[in-house]
Amino acid sequence: MTSQITLAKETGPDPAARAGLRGHPWLTLLAVAVGVMVVTLDGTIVAVANPAIQKDLGASLAEVQWITNGYLLALAVSLITAGKLGDRFGHRQTFLIGIAGFALSSAAIGLSTGVGLVIGFRVAQGLFGALLMPAALGLLRATFPAEKLNMAIGIWGMVIGASTAAGPIVGGLLVEHVSWQSVFFVNVPVGAIALVLGLVILLDHRAENAPRSFDLPGIVLLSAAMFSLIWALIKAAEWGWGDTRTLLFLGASLLCFVLFAVWETRVSEPLIPLGMFRSLPLSAGTVLMVLMAFAFMGGLFFVTFYLQNVHGMSPVDSGLHLLPLTGMMIVGSPLAGAAITKVGPRIPLVAGMVATAAACFGMARLTPGTGTLTMSLWFALLGLGLAPVMVGATEVIVGNAPLELSGVAGGLQQAAMQVGGSLGTAVLGAVMAAEVGDTFGDNWQGAGLPPLTPDQLELAEKGVQVGIAPVPPGVPEPVAQTIAGVAHDTFVSGMSTAFTCAAVVAVLAAVVACFTKRGQNADAGAGAAAHI
């Protein structure tokens with residue numbers, strides 16, 4: 001699975017190359033980090049803007065959900081195919097197209113006058129983001145030598161953590177003091193900077209045996225499988241896990257995955273050569289990424305509701321309270337990269353998932369009255385645990401793939417995160433709903449509150465699942481406080497069960513991490529000969 005490398009030849013004089021800019025590893029990292037920052041910042045900043053978009057454009061709840069779901073579907077469905085495009089045409093080209101398209105789509109959203117246009121351009125954002133993310137990893141993989149790659153991925157992870165942390169704070173300030181459109185317009189100047197840096201700095205590295213054709217049936221089958229899976233996970237909370245529609249989409253996803261696997265064994269240039277998965281570390285790294293995202297994103301989904309609806313914080317305040325989590329990811333990612341370079345990925349990955357499990361068990365003990373210090377300690381431990389996993393699992397997946405498949409490996413890493421996050425949110429959401437359904441009625445009666453009709457009870461439970469107290473207007477303050485206490489206690493009980501499940505998944509991930517090891521193909525790349 002090793003490969004020979006040829007560097008893309010430049011025609012004519014190249015001032016950037018003469019100045020030592022073109023292809024310089026650390027400058028390459030700077031260029032791709034700015035581009036990645038645009039996408040990850042957008043992932044959290046938009047959630048803050050959704051209420052303002054709904055009010056300004058008169059959108060329904062379903063339409064607002066599509067602002068997020070359309071982006072997620074486009075991203076998840078396209079990631080691996082986008083990685084293949086980078087392997088075929090070069091990661092520099094796909095990265096530049098991705099960042100330019102993402103910035104233009106953001107500007108178009110800011111200029112949109114209807115929610116339909118917002119949704120459409122959000123889908124475009126997802127498609128261009130899918131081009132950008134695997135290309136970034138492919139460029140790092142080809143540019144950095146093996147002994148520097150982990151540090152580069154660590155800094156890449158630090159940028160993701162910093163922009164993720166900044167999203168709610170920046171978004172809250174922009175929505176509050178400027179407009180919801182400014183949340184999207186901010187991507188334009190940052191995207192322009194990333195585009196200029198990419199044009200000046202990035203150098204394409206091509207493998208001699210890079211793919212020369214496209215597996216169109218494979219692309220169709222994999223896209224259909226991913227769409228059906230993510231759509232089922234998105235809609236399961238609304239439809240129910242036992243609903244015929246949910247089961248049909250899950251069944252369609254399974255069928256398409258099976259047909260995809262069969263087809264890939266017969267085509268001359270498959271989209272994903274299944275021989276990649278003969279590498280136990282690569283397979284373990286992929287599974288680990290799914291489980292990590294399940295525990296992290298699924299659990300974090302409830303934390304935002306806990307902070308805003310139980311503790312009554314504003315989006316900006318809740319973002320500030322999450323800084324210990326993202327701060328530890330920012331600090332821990334480069335340190336994790338250095339540790340993984342020295343001792344290999346296995347020990348840091350196992351230790352990281354153990355810390356993540358401990359943090360999830362700790363957050364399962366949160367109460368409506370838990371103070372900031374206690375919350376911050378658990379959030380910090382979670383960030384400390386996630387840092388080596390983000391860096392190590394990425395290196396294990398990308399480093400154990402041959403260079404000519406580095407884009408596919410980068411897409412696989414990102415797709416694993418998307419699937420794991422969607423699965424965690426859906427499954428833990430179902431756990432929360434079940435716990436609220438089992439306990440809310442009894443808690444309501446136990447507090448001596450007036451009986452609710454079945455319809456009132458169902459409506460109240462939906463609010464309680466996100467920490468909202470069903471207080472009718474005009475209710476006396478003592479009664480309102482009692483209702484809020486019942487609602488918040490019930491929500492926290494459900495959140496505790498969900499975090500316990502997330503902790504168990506994190507323990508399972510720690511076991512999977514035992515099967516990882518340093519990338520076998522990390523030395524097979526242009527970066528192996530680079531002078532840093």
# chains A, B, ... in the order shown; residues from 1 in each chain; ligands from 1
>>> residues_around(residues="segment 90-95 of chain A", least_positions_apart="6", cutoff="8 Å", atoms="only C-alpha atoms", output="number ranges by chain")
A: 131-133, 135-136, 138-139, 198, 202-206, 407
>>> closest_atom_pairs(of="segment 82-137 of chain A", to="segment 263-276 of chain A", cutoff="10 Å", atoms="only C-alpha atoms", output="CSV")
residue,atom,partner,partner_atom,distance
A:Gly83,CA,A:Leu271,CA,9.7
A:Lys84,CA,A:Leu271,CA,6.9
A:Leu85,CA,A:Leu271,CA,9.9
>>> atom_distance(atom1="atom CA of Ala74 of chain A", atom2="atom CA of Arg122 of chain A")
8.7 Å
>>> closest_atom_pairs(of="segment 425-507 of chain A", to="segment 359-375 of chain A", cutoff="8 Å", atoms="only C-alpha atoms", output="tab-separated table")
residue	atom	partner	partner_atom	distance
A:His488	CA	A:Pro368	CA	6.4
A:Asp489	CA	A:Pro368	CA	6.7
A:Val492	CA	A:Thr367	CA	6.2
A:Met495	CA	A:Ala364	CA	6.8
A:Ser496	CA	A:Ala364	CA	4.0
A:Thr497	CA	A:Ala364	CA	6.8
A:Ala498	CA	A:Ala364	CA	7.7
A:Phe499	CA	A:Ala364	CA	5.1
A:Thr500	CA	A:Phe361	CA	5.7
A:Ala502	CA	A:Cys360	CA	6.5
A:Ala503	CA	A:Cys360	CA	5.0
>>> residues_around(residues="Asp56 of chain A", least_positions_apart="5", cutoff="12 Å", atoms="only C-alpha atoms", output="ChimeraX atom specification")
/A:49-51,64,112-115,175,179-181
>>> write_last_selection(atoms="N, CA, C and O atoms", output="mmCIF file, in the first residue's frame")
data_model
loop_
_atom_site.group_PDB
_atom_site.id
_atom_site.type_symbol
_atom_site.label_atom_id
_atom_site.label_comp_id
_atom_site.auth_asym_id
_atom_site.auth_seq_id
_atom_site.Cartn_x
_atom_site.Cartn_y
_atom_site.Cartn_z
ATOM 1 N N ALA A 49 -28.056 32.084 15.071
ATOM 2 C CA ALA A 49 -28.809 32.977 14.192
ATOM 3 C C ALA A 49 -30.181 32.434 13.821
ATOM 4 O O ALA A 49 -31.034 33.196 13.340
ATOM 5 N N ASN A 50 -30.426 31.148 14.016
ATOM 6 C CA ASN A 50 -31.689 30.547 13.557
ATOM 7 C C ASN A 50 -32.943 31.247 14.093
ATOM 8 O O ASN A 50 -33.886 31.484 13.331
ATOM 9 N N PRO A 51 -33.017 31.561 15.383
ATOM 10 C CA PRO A 51 -34.226 32.261 15.852
ATOM 11 C C PRO A 51 -34.461 33.600 15.158
ATOM 12 O O PRO A 51 -35.604 33.939 14.831
ATOM 13 N N VAL A 64 -36.860 26.178 9.540
ATOM 14 C CA VAL A 64 -35.648 26.508 10.299
ATOM 15 C C VAL A 64 -34.791 25.263 10.509
ATOM 16 O O VAL A 64 -33.552 25.312 10.404
ATOM 17 N N SER A 112 -30.196 36.751 0.779
ATOM 18 C CA SER A 112 -31.463 36.068 0.507
ATOM 19 C C SER A 112 -32.627 36.779 1.178
ATOM 20 O O SER A 112 -32.508 37.287 2.298
ATOM 21 N N THR A 113 -33.759 36.774 0.479
ATOM 22 C CA THR A 113 -34.966 37.435 0.999
ATOM 23 C C THR A 113 -36.045 36.436 1.397
ATOM 24 O O THR A 113 -37.126 36.848 1.829
ATOM 25 N N GLY A 114 -35.790 35.160 1.248
ATOM 26 C CA GLY A 114 -36.759 34.139 1.615
ATOM 27 C C GLY A 114 -36.064 32.939 2.209
ATOM 28 O O GLY A 114 -34.885 32.674 1.910
ATOM 29 N N VAL A 115 -36.773 32.191 3.046
ATOM 30 C CA VAL A 115 -36.150 31.060 3.722
ATOM 31 C C VAL A 115 -35.788 29.949 2.733
ATOM 32 O O VAL A 115 -34.828 29.206 2.945
ATOM 33 N N VAL A 175 -25.563 38.802 15.916
ATOM 34 C CA VAL A 175 -27.022 38.821 15.826
ATOM 35 C C VAL A 175 -27.596 39.935 16.698
ATOM 36 O O VAL A 175 -28.538 40.634 16.309
ATOM 37 N N SER A 179 -26.873 42.046 12.644
ATOM 38 C CA SER A 179 -28.023 41.386 12.019
ATOM 39 C C SER A 179 -27.683 39.920 11.831
ATOM 40 O O SER A 179 -26.510 39.526 11.921
ATOM 41 N N TRP A 180 -28.711 39.108 11.550
ATOM 42 C CA TRP A 180 -28.420 37.691 11.292
ATOM 43 C C TRP A 180 -27.649 37.532 9.976
ATOM 44 O O TRP A 180 -26.867 36.580 9.823
ATOM 45 N N GLN A 181 -27.825 38.454 9.032
ATOM 46 C CA GLN A 181 -27.084 38.361 7.771
ATOM 47 C C GLN A 181 -25.581 38.467 7.992
ATOM 48 O O GLN A 181 -24.785 37.835 7.282
#
>>> closest_atom_pairs(of="segment 111-210 of chain A", to="segment 344-356 of chain A", cutoff="12 Å", atoms="only C-alpha atoms", output="CSV")
residue,atom,partner,partner_atom,distance
A:Ala146,CA,A:Gly344,CA,11.6
A:Glu147,CA,A:Gly344,CA,10.7
A:Asn150,CA,A:Pro345,CA,9.4
>>> closest_residue(among="A:Leu247, A:Ala236, A:Ala357, A:Ala506", to="Gly429 of chain A", atoms="only C-alpha atoms")
A:Ala236
>>> atom_distance(atom1="atom CA of Val396 of chain A", atom2="atom CA of Ile219 of chain A")
24.5 Å
>>> closest_atom_pairs(of="segment 50-169 of chain A", to="segment 317-327 of chain A", cutoff="10 Å", atoms="only C-alpha atoms", output="tab-separated table")
residue	atom	partner	partner_atom	distance
A:Met158	CA	A:Thr326	CA	8.9
A:Ile160	CA	A:Thr326	CA	9.2
A:Gly161	CA	A:Thr326	CA	5.4
A:Ala162	CA	A:Thr326	CA	6.6
A:Ser163	CA	A:Thr326	CA	9.1
A:Thr164	CA	A:Thr326	CA	7.4
A:Ala165	CA	A:Thr326	CA	5.7
A:Ala166	CA	A:Gly319	CA	7.8
A:Gly167	CA	A:Gly319	CA	8.1
A:Pro168	CA	A:Gly319	CA	5.4
A:Ile169	CA	A:Gly319	CA	5.7
>>> residues_around(residues="Val32 of chain A", least_positions_apart="3", cutoff="12 Å", atoms="only C-alpha atoms", output="ChimeraX atom specification")
/A:23,25-29,35-39,91-92,94-96,98-99,132-141,143,152-153,155-157,159-160,190-191,193-199,201-203
>>> select_by_dssp(residues="segment 188-347 of chain A", states="alpha helix (DSSP H)", output="NGL selection string")
:A and (188-201 or 216-239 or 244-264 or 280-305 or 315-321 or 323-343 or 346-347)
>>> write_last_selection(atoms="C-alpha atoms", output="short mmCIF file (atom, residue, chain, number, x, y, z; two decimals), in the first residue's frame")
data_model
loop_
_atom_site.label_atom_id
_atom_site.label_comp_id
_atom_site.auth_asym_id
_atom_site.auth_seq_id
_atom_site.Cartn_x
_atom_site.Cartn_y
_atom_site.Cartn_z
CA VAL A 188 -16.60 36.37 2.94
CA PRO A 189 -13.46 38.28 4.06
CA VAL A 190 -12.09 35.25 5.91
CA GLY A 191 -12.72 33.09 2.85
CA ALA A 192 -11.00 35.68 0.64
CA ILE A 193 -7.92 35.59 2.87
CA ALA A 194 -7.88 31.78 2.74
CA LEU A 195 -8.23 31.87 -1.06
CA VAL A 196 -5.31 34.28 -1.51
CA LEU A 197 -3.13 32.25 0.87
CA GLY A 198 -4.05 29.08 -0.98
CA LEU A 199 -3.22 30.54 -4.40
CA VAL A 200 0.16 31.78 -3.21
CA ILE A 201 1.24 28.96 -0.89
CA LEU A 216 -20.06 6.70 -10.84
CA PRO A 217 -22.27 3.76 -9.72
CA GLY A 218 -20.28 3.63 -6.49
CA ILE A 219 -20.79 7.36 -5.95
CA VAL A 220 -24.55 6.99 -6.49
CA LEU A 221 -24.84 3.97 -4.16
CA LEU A 222 -22.73 5.50 -1.39
CA SER A 223 -24.54 8.85 -1.63
CA ALA A 224 -27.92 7.12 -1.44
CA ALA A 225 -26.77 5.04 1.54
CA MET A 226 -25.44 8.07 3.44
CA PHE A 227 -28.50 10.19 2.62
CA SER A 228 -30.92 7.49 3.79
CA LEU A 229 -28.96 6.91 7.00
CA ILE A 230 -28.56 10.58 7.97
CA TRP A 231 -32.16 11.38 6.99
CA ALA A 232 -33.47 8.52 9.15
CA LEU A 233 -31.40 9.75 12.09
CA ILE A 234 -32.57 13.34 11.62
CA LYS A 235 -36.26 12.41 11.40
CA ALA A 236 -36.32 9.61 13.99
CA ALA A 237 -37.10 12.03 16.82
CA GLU A 238 -40.15 13.33 14.92
CA TRP A 239 -41.35 10.08 13.38
CA THR A 244 -42.52 2.69 9.08
CA ARG A 245 -40.81 5.67 7.44
CA THR A 246 -37.81 5.50 9.78
CA LEU A 247 -37.44 1.76 9.22
CA LEU A 248 -37.77 2.16 5.44
CA PHE A 249 -34.97 4.72 5.28
CA LEU A 250 -32.74 2.63 7.57
CA GLY A 251 -33.47 -0.45 5.44
CA ALA A 252 -32.73 1.48 2.25
CA SER A 253 -29.45 2.66 3.74
CA LEU A 254 -28.42 -0.87 4.67
CA LEU A 255 -29.36 -2.19 1.21
CA CYS A 256 -27.39 0.56 -0.54
CA PHE A 257 -24.35 -0.05 1.67
CA VAL A 258 -24.46 -3.79 0.83
CA LEU A 259 -24.83 -3.11 -2.90
CA PHE A 260 -22.01 -0.56 -2.67
CA ALA A 261 -19.70 -3.09 -1.01
CA VAL A 262 -20.50 -5.73 -3.66
CA TRP A 263 -19.97 -3.27 -6.50
CA GLU A 264 -16.65 -2.02 -5.09
CA LEU A 280 -6.96 -3.08 11.40
CA PRO A 281 -5.66 0.28 12.72
CA LEU A 282 -7.47 2.20 9.95
CA SER A 283 -10.71 0.34 10.62
CA ALA A 284 -10.31 0.84 14.37
CA GLY A 285 -9.62 4.55 13.84
CA THR A 286 -12.80 4.92 11.79
CA VAL A 287 -14.93 3.14 14.39
CA LEU A 288 -13.25 5.17 17.12
CA MET A 289 -14.13 8.42 15.34
CA VAL A 290 -17.80 7.35 15.11
CA LEU A 291 -17.94 6.42 18.81
CA MET A 292 -16.14 9.58 19.91
CA ALA A 293 -18.52 11.78 17.91
CA PHE A 294 -21.49 9.80 19.29
CA ALA A 295 -20.49 10.52 22.88
CA PHE A 296 -19.27 14.09 22.34
CA MET A 297 -21.81 15.60 19.94
CA GLY A 298 -24.72 13.61 21.32
CA GLY A 299 -23.96 14.74 24.87
CA LEU A 300 -23.09 18.31 23.96
CA PHE A 301 -26.51 18.66 22.31
CA PHE A 302 -28.10 18.59 25.77
CA VAL A 303 -25.51 20.82 27.43
CA THR A 304 -26.62 23.85 25.39
CA PHE A 305 -30.25 23.32 26.49
CA PRO A 315 -26.34 32.16 23.91
CA VAL A 316 -23.27 34.30 24.51
CA ASP A 317 -23.12 33.37 28.20
CA SER A 318 -23.56 29.68 27.43
CA GLY A 319 -20.73 29.93 24.90
CA LEU A 320 -18.51 31.51 27.54
CA HIS A 321 -19.36 28.72 30.00
CA LEU A 323 -14.81 27.83 27.05
CA PRO A 324 -13.14 25.38 29.50
CA LEU A 325 -14.10 22.57 27.09
CA THR A 326 -12.92 24.24 23.93
CA GLY A 327 -9.99 25.87 25.72
CA MET A 328 -8.63 22.48 26.73
CA MET A 329 -9.09 21.26 23.16
CA ILE A 330 -7.14 24.28 21.91
CA VAL A 331 -4.31 23.77 24.40
CA GLY A 332 -4.40 19.98 24.33
CA SER A 333 -4.38 19.35 20.57
CA PRO A 334 -0.78 20.44 19.84
CA LEU A 335 0.40 18.73 23.04
CA ALA A 336 -1.43 15.57 21.97
CA GLY A 337 0.27 15.77 18.57
CA ALA A 338 3.68 15.93 20.25
CA ALA A 339 2.83 13.03 22.58
CA ILE A 340 1.54 10.87 19.72
CA THR A 341 4.72 11.52 17.75
CA LYS A 342 6.80 10.37 20.73
CA VAL A 343 4.87 7.31 22.01
CA ARG A 346 -2.50 4.02 21.22
CA ILE A 347 -1.75 5.24 24.75
#
